[in-house]
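Colleague: This is the structure I want to talk about, given as structure tokens.
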Amino acid sequence: MSFLAIAAGVSLALGSPQTLVPQAPPPIAKRVPKLDTLHGEVLRDDYHWMRDKAHPDVARYLRAENAYTESGLSHTKPLQDTLYREMLGRIKETDLSVPFHDRGYWYYTRTERGKSYPIFCRRKGSPDGPEEVYLDQNALARGRKFHSLGGVDVSPDGNLLLYLEDTTAFREYTLHVKDLRTGELLPESIANVWNGTAWAEDGRTFFYMRADSAKRGNAVWRHTIGTPAAADVKIFQEDNVLHNVSVFRSKSGKYVFIPADGFTSSEWRVIPAARPNAPPRVLAARRPMVEYSAEHVDGAFLIRTNDAAGNFRIVRAPEKDPSPANWRDWLPASDSVFVESFDVFRKHAVVSERASGLRRIRVVNLADRAAHFITFPDVAYGVFPSDNPDFGATKFRFSYSSLATPTGVYDYDLNDRTRRLLKRQEIPSGFDSSRYQVRRVLVAARDGEQVPVSLLLPKGFPMDGSRPFLLYAYGSYGATLEPTFDSEVLSLVDRGFGYALAHVRGGEEMGRQWYDRGKMLNKKNTFYDFIDVADFLVRRRYASPNGLVANGASAGGLLMGVIVNWRPDLFGAVVADVPFVDVINTMLDASLPLTAQEWDQWGNPSNPEHYAYMKSYSPYDNVAAQEYPSLLVTTSFNDSQVMYWEPAKWVAKLRATKRGSDPLYLKTNFAGGHGGSSGRYDRLREAAFQYAFMIDAVRARRAAIP
């Protein structure tokens, strides 16, 4: 008998036998638990059965949870619609990107009102030439619930196009080859490939990726146009499960790079683009705890590395023998400046650095090493290199925004040091930056570290704890959370919300040590930092606990799971998107995507010390019989990065354990992936739904929002 047999509180809607209309949370099966023993402890998992994706009861249960969520939030439907219209009104639906130059063509994308996906275009010779649509994703996506492009790669002669297509949301790609001269697809489609391609110089040979069963990019193959895929040659395979392989072409066009990178070491190989049949050559052999990445300039490789440099440095290595014995400092290491990345041109290099928590851009003349900086005005901002494929260019393109400054795209002249605004993000419904204030504060964590916090507040925001507040963070993998413009969040700020980004440890906002002190056996610093920032906001009367909302996704969803277990009293509502919450069970299963290589990120539970530490914070293992704030948990049935069963099991355990009457909702996207839906309009609907939940949750706990 199905565990979803009709029970008290659940009824079938007349005329629709598939639709559950719950008046109470759906019943959850009690099945024989999975029992394991590890380090002398019994691991009991009452909801392990939810991993059986093929069993119809699993999807039926998730749909019942969806029905319960829709029912519980049905009164917010008018608000959802209003929020959606607001968010849509801030988007220029028919728009185009700034064209960039590459090998004789000007490339850009454009969008059209009512269409969910971009249209890829180019013009030959001049930005004003006749338009050629070389790929229309809307046509590819027609009739599909999900559509994603894993990569778009034009051959050096401009005649052929490689594109990788995923219609499952599970990152299962098929490679297609399109003849841009005729518009026809060639009979070269290759199924079950991974993200990553690189053309050889001949325009007939290309390299592509495959992945192992755990979706770890592990092998590079070579294909020649006109030959069967069965004749393709595997030129490299990485068997160390701690390393991921990728493939791309150097900016100079002279080499194809094949990196094998882990979280603690690297080993890159190169193949001359003019000799695609040559065997790969190792740039620098793998060494424990030494990471590096490379680019090619005339006669040498520039290599960013942490070898003898905690915050990384850049070395120059001769092209003929780039082994570490020949490395010479090109940009020395600094204790106070973190070297994040770099780009190269024929006569310049552009280095992205981080100092005092903010990114800065260093421009270096390759001939004489003279350097200067591109500076920015705001107290908190985000600046990113943009489309710069042309090795011979003398201009560097970047995008810039702040929490109250819409994104601008700039060209910076590397010689005369001038910048030109090419395009400013347009807000059709109107935007007045004078209505907002941006702040950046440092919050003392419990161990004395100063945690940066970027805030966006409506002008006149009262510091009396009366207004609702959204606090967001990520804090893992060294990913930096930049305080950039987000038109969607204005729907909260314009309703009186404060908004803050907590730059907690686990990212690299304050340098490499900020990341190192937020992973492995230091992971709890991420959680402590977030709680300490939330406590600061309450103490300084930015917010009160009833009005404070927390949000994070993926590894940030893990953060949400920990903070609601540890400090449920500090938050009125929490939204955990695709949360990684079943830490022990997932990290014990090396067959799952991401698990094995991330033993260097979280730890390996097979190690007793790692196990004890991870179990002490794992959200699924620490659900308690206590009151929790209002919770919205989201997942996707075809998520290949955080499997749907993690949030589903967590919600089931919370339902069985927690006390109090605050709502707990689970929403499963049956047509999306790790990032939710693929179409831009569907993504806005999802954002509107979540914001409606937040607004409703704090209204239920406090006076009406202005």
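Following the order of the structure tokens, first chain is A, next is B, and so on, with residues numbered from 1 inside each chain and ligands from 1 in the order they appear.
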Find the residues around Ala500 (chain A) up to 8 Å (only C-alpha atoms counted), leave out those fewer than 6 positions away in its own chain, and share them as an MDAnalysis selection string.

Modeller: chainID A and resid 453:456 469:472

Colleague: Generate the output file for the selected residues, C-alpha atoms, as a compact mmCIF listing (two decimals), in the first residue's frame.

Modeller:
# COMPACT_ATOMS: atom_id res chain seq x y z
CA VAL A 453 28.89 43.46 5.70
CA SER A 454 27.44 45.35 2.72
CA LEU A 455 24.05 46.99 3.30
CA LEU A 456 21.36 48.49 1.08
CA PHE A 469 15.48 42.80 7.12
CA LEU A 470 16.92 40.23 4.68
CA LEU A 471 20.40 38.85 5.40
CA TYR A 472 22.07 36.78 2.66

Colleague: Identify, with DSSP run on backbone atoms, the residues in region 1-240 of chain A assigned to strand (DSSP E or B), and express the list as a PyMOL selection string.

Modeller: chain A and resi 10-12+20-22+34-38+41-45+95-96+100-102+105-111+119-124+131-136+148-154+160-166+173-179+184-185+190-199+205-211+217-224+233-237

Colleague: Which residues, written as a short mmCIF file (atom, residue, chain, number, x, y, z; two decimals) with C-alpha atoms, in the first residue's frame, have at least one atom at most 12 Å from Asn585 (chain A), with only C-alpha atoms counted and residues fewer than 4 positions away on the same chain left out?

Modeller:
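The new file part30.cif reads:
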data_model
loop_
_atom_site.label_atom_id
_atom_site.label_comp_id
_atom_site.auth_asym_id
_atom_site.auth_seq_id
_atom_site.Cartn_x
_atom_site.Cartn_y
_atom_site.Cartn_z
CA LYS A 34 18.91 2.40 7.02
CA LEU A 35 21.43 1.51 9.70
CA ASP A 36 25.20 1.77 9.31
CA THR A 37 28.07 1.74 11.75
CA LEU A 38 30.93 4.21 11.53
CA LEU A 43 24.14 5.90 11.78
CA ARG A 44 20.36 5.75 11.56
CA ASP A 45 18.62 7.27 8.55
CA TYR A 47 14.26 8.67 5.41
CA HIS A 48 16.88 6.94 3.29
CA ARG A 51 16.68 8.35 -2.51
CA PHE A 580 23.30 20.82 1.16
CA VAL A 581 22.04 19.61 4.54
CA ASP A 589 28.86 8.26 -0.88
CA ALA A 590 31.62 8.77 -3.43
CA SER A 591 29.27 7.73 -6.25
CA LEU A 592 27.42 11.04 -5.93
CA THR A 595 31.47 14.12 -3.18
CA ASN A 604 36.01 12.79 4.69
CA PRO A 605 33.71 11.14 7.25
CA SER A 606 35.85 8.01 7.04
CA TYR A 611 33.42 12.72 11.02
CA MET A 614 31.06 17.34 10.42
CA LYS A 615 28.42 15.54 12.46
CA SER A 618 25.34 18.67 9.82
CA PRO A 619 21.77 20.09 9.72
CA TYR A 620 20.05 16.74 9.09
CA ASP A 621 21.87 15.14 12.01
CA MET A 643 20.27 15.81 -4.80
CA TRP A 645 16.51 13.96 -1.29
CA GLU A 646 18.73 16.11 0.95
CA LYS A 649 14.74 14.26 4.07
#

Colleague: Using only C-alpha atoms, find each residue in region 455-543 of chain A having at least one atom no more than 10 Å away from region 437-447 of chain A; report its shortest atom-to-atom pair and that distance in Å (one decimal), rows by chain then rising number, as JSON lines.

Modeller:
{"residue": "A:Leu455", "atom": "CA", "partner": "A:Arg439", "partner_atom": "CA", "distance": 5.0}
{"residue": "A:Leu456", "atom": "CA", "partner": "A:Val438", "partner_atom": "CA", "distance": 4.8}
{"residue": "A:Leu457", "atom": "CA", "partner": "A:Gln437", "partner_atom": "CA", "distance": 5.3}
{"residue": "A:Pro458", "atom": "CA", "partner": "A:Gln437", "partner_atom": "CA", "distance": 6.1}
{"residue": "A:Lys459", "atom": "CA", "partner": "A:Gln437", "partner_atom": "CA", "distance": 5.8}
{"residue": "A:Gly460", "atom": "CA", "partner": "A:Gln437", "partner_atom": "CA", "distance": 8.7}
{"residue": "A:Phe461", "atom": "CA", "partner": "A:Gln437", "partner_atom": "CA", "distance": 8.9}
{"residue": "A:Pro483", "atom": "CA", "partner": "A:Arg440", "partner_atom": "CA", "distance": 9.7}
{"residue": "A:Tyr499", "atom": "CA", "partner": "A:Val438", "partner_atom": "CA", "distance": 9.8}
{"residue": "A:Ala500", "atom": "CA", "partner": "A:Arg439", "partner_atom": "CA", "distance": 9.2}
{"residue": "A:Leu501", "atom": "CA", "partner": "A:Arg440", "partner_atom": "CA", "distance": 9.6}
{"residue": "A:Ala502", "atom": "CA", "partner": "A:Val443", "partner_atom": "CA", "distance": 9.4}
{"residue": "A:His503", "atom": "CA", "partner": "A:Leu442", "partner_atom": "CA", "distance": 9.8}
{"residue": "A:Val504", "atom": "CA", "partner": "A:Ala445", "partner_atom": "CA", "distance": 9.7}
{"residue": "A:Asn525", "atom": "CA", "partner": "A:Ala445", "partner_atom": "CA", "distance": 9.0}
{"residue": "A:Tyr528", "atom": "CA", "partner": "A:Ala445", "partner_atom": "CA", "distance": 7.4}
{"residue": "A:Asp529", "atom": "CA", "partner": "A:Ala445", "partner_atom": "CA", "distance": 5.8}
{"residue": "A:Phe530", "atom": "CA", "partner": "A:Ala445", "partner_atom": "CA", "distance": 8.9}
{"residue": "A:Ile531", "atom": "CA", "partner": "A:Ala445", "partner_atom": "CA", "distance": 8.9}
{"residue": "A:Asp532", "atom": "CA", "partner": "A:Ala445", "partner_atom": "CA", "distance": 5.8}
{"residue": "A:Val533", "atom": "CA", "partner": "A:Val443", "partner_atom": "CA", "distance": 6.3}
{"residue": "A:Ala534", "atom": "CA", "partner": "A:Val443", "partner_atom": "CA", "distance": 9.7}
{"residue": "A:Asp535", "atom": "CA", "partner": "A:Val443", "partner_atom": "CA", "distance": 9.8}
{"residue": "A:Phe536", "atom": "CA", "partner": "A:Val443", "partner_atom": "CA", "distance": 7.0}
{"residue": "A:Leu537", "atom": "CA", "partner": "A:Val443", "partner_atom": "CA", "distance": 9.4}

Colleague: DSSP on the backbone: which residues in region 443-668 of chain A end up as helix (DSSP H, G or I)? Give the answer as a PyMOL selection string.

Modeller: chain A and resi 490-493+512-516+520-522+524-539+545-547+555-566+568-570+583-587+596-600+608-615+619-622+645-657

Colleague: Would you mind listing what lies within 8 Å of region 170-183 of chain A as a ChimeraX atom specification, with only C-alpha atoms counted and same-chain residues fewer than 2 positions away left out?

Modeller: /A:134,150,158-168,185-195,638-640,673

Colleague: Extract, using only C-alpha atoms, all DNA, RNA and protein residues at most 6 Å from region 411-419 of chain A, discarding same-chain residues fewer than 6 positions from it, and format them as a PDB file with N, CA and C atoms, in the first residue's frame.

Modeller:
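Now in out-v1.pdb:
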ATOM      1  N   THR A 394      43.623  46.682 -27.344  1.00  0.00           N
ATOM      2  CA  THR A 394      44.275  47.673 -26.478  1.00  0.00           C
ATOM      3  C   THR A 394      43.286  48.250 -25.465  1.00  0.00           C
ATOM      4  N   LYS A 395      42.096  47.680 -25.445  1.00  0.00           N
ATOM      5  CA  LYS A 395      41.084  48.100 -24.470  1.00  0.00           C
ATOM      6  C   LYS A 395      40.651  46.893 -23.646  1.00  0.00           C
ATOM      7  N   PHE A 396      40.422  47.156 -22.366  1.00  0.00           N
ATOM      8  CA  PHE A 396      39.973  46.125 -21.427  1.00  0.00           C
ATOM      9  C   PHE A 396      38.527  46.421 -21.055  1.00  0.00           C
ATOM     10  N   ARG A 397      37.664  45.455 -21.241  1.00  0.00           N
ATOM     11  CA  ARG A 397      36.246  45.659 -20.945  1.00  0.00           C
ATOM     12  C   ARG A 397      35.904  45.079 -19.571  1.00  0.00           C
TER      13      ARG A 397
END

Colleague: Compare A:Val282, A:Gly143, A:Glu353, A:Glu184 by their minimum atom-to-atom distance to Asp321 (chain A), counting only C-alpha atoms, and give me the closest one.

Modeller: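 Closest candidate: A:Val282.
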
Colleague: Would you mind telling me which residue in A:Pro377, A:Gly40, A:Pro99, A:Gly561 lies nearest to Val633 (chain A) when using only C-alpha atoms?

Modeller: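 Nearest to Val633 (chain A): A:Gly561.
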
Colleague: So the first atom is CA of Leu588 (chain A) and the second is CA of Ala64 (chain A); what is the distance between them in Å, to one decimal place?

Modeller: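 Between CA of Leu588 (chain A) and CA of Ala64 (chain A) the gap works out to 29.6 Å.
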
Colleague: Please list as a PDB file with C-alpha atoms, in the first residue's frame every residue within 10 Å of Arg369 (chain A), counting only C-alpha atoms and excluding residues in the same chain fewer than 5 positions away.

Modeller:
ATOM      1  CA  TRP A 330      56.493  38.641 -12.059  1.00  0.00           C
ATOM      2  CA  LEU A 331      54.064  39.922  -9.395  1.00  0.00           C
ATOM      3  CA  HIS A 348      49.411  44.183 -21.297  1.00  0.00           C
ATOM      4  CA  ALA A 349      48.266  42.022 -18.439  1.00  0.00           C
ATOM      5  CA  VAL A 363      47.155  47.102 -15.354  1.00  0.00           C
ATOM      6  CA  VAL A 364      50.729  46.043 -16.203  1.00  0.00           C
TER       7      VAL A 364
END
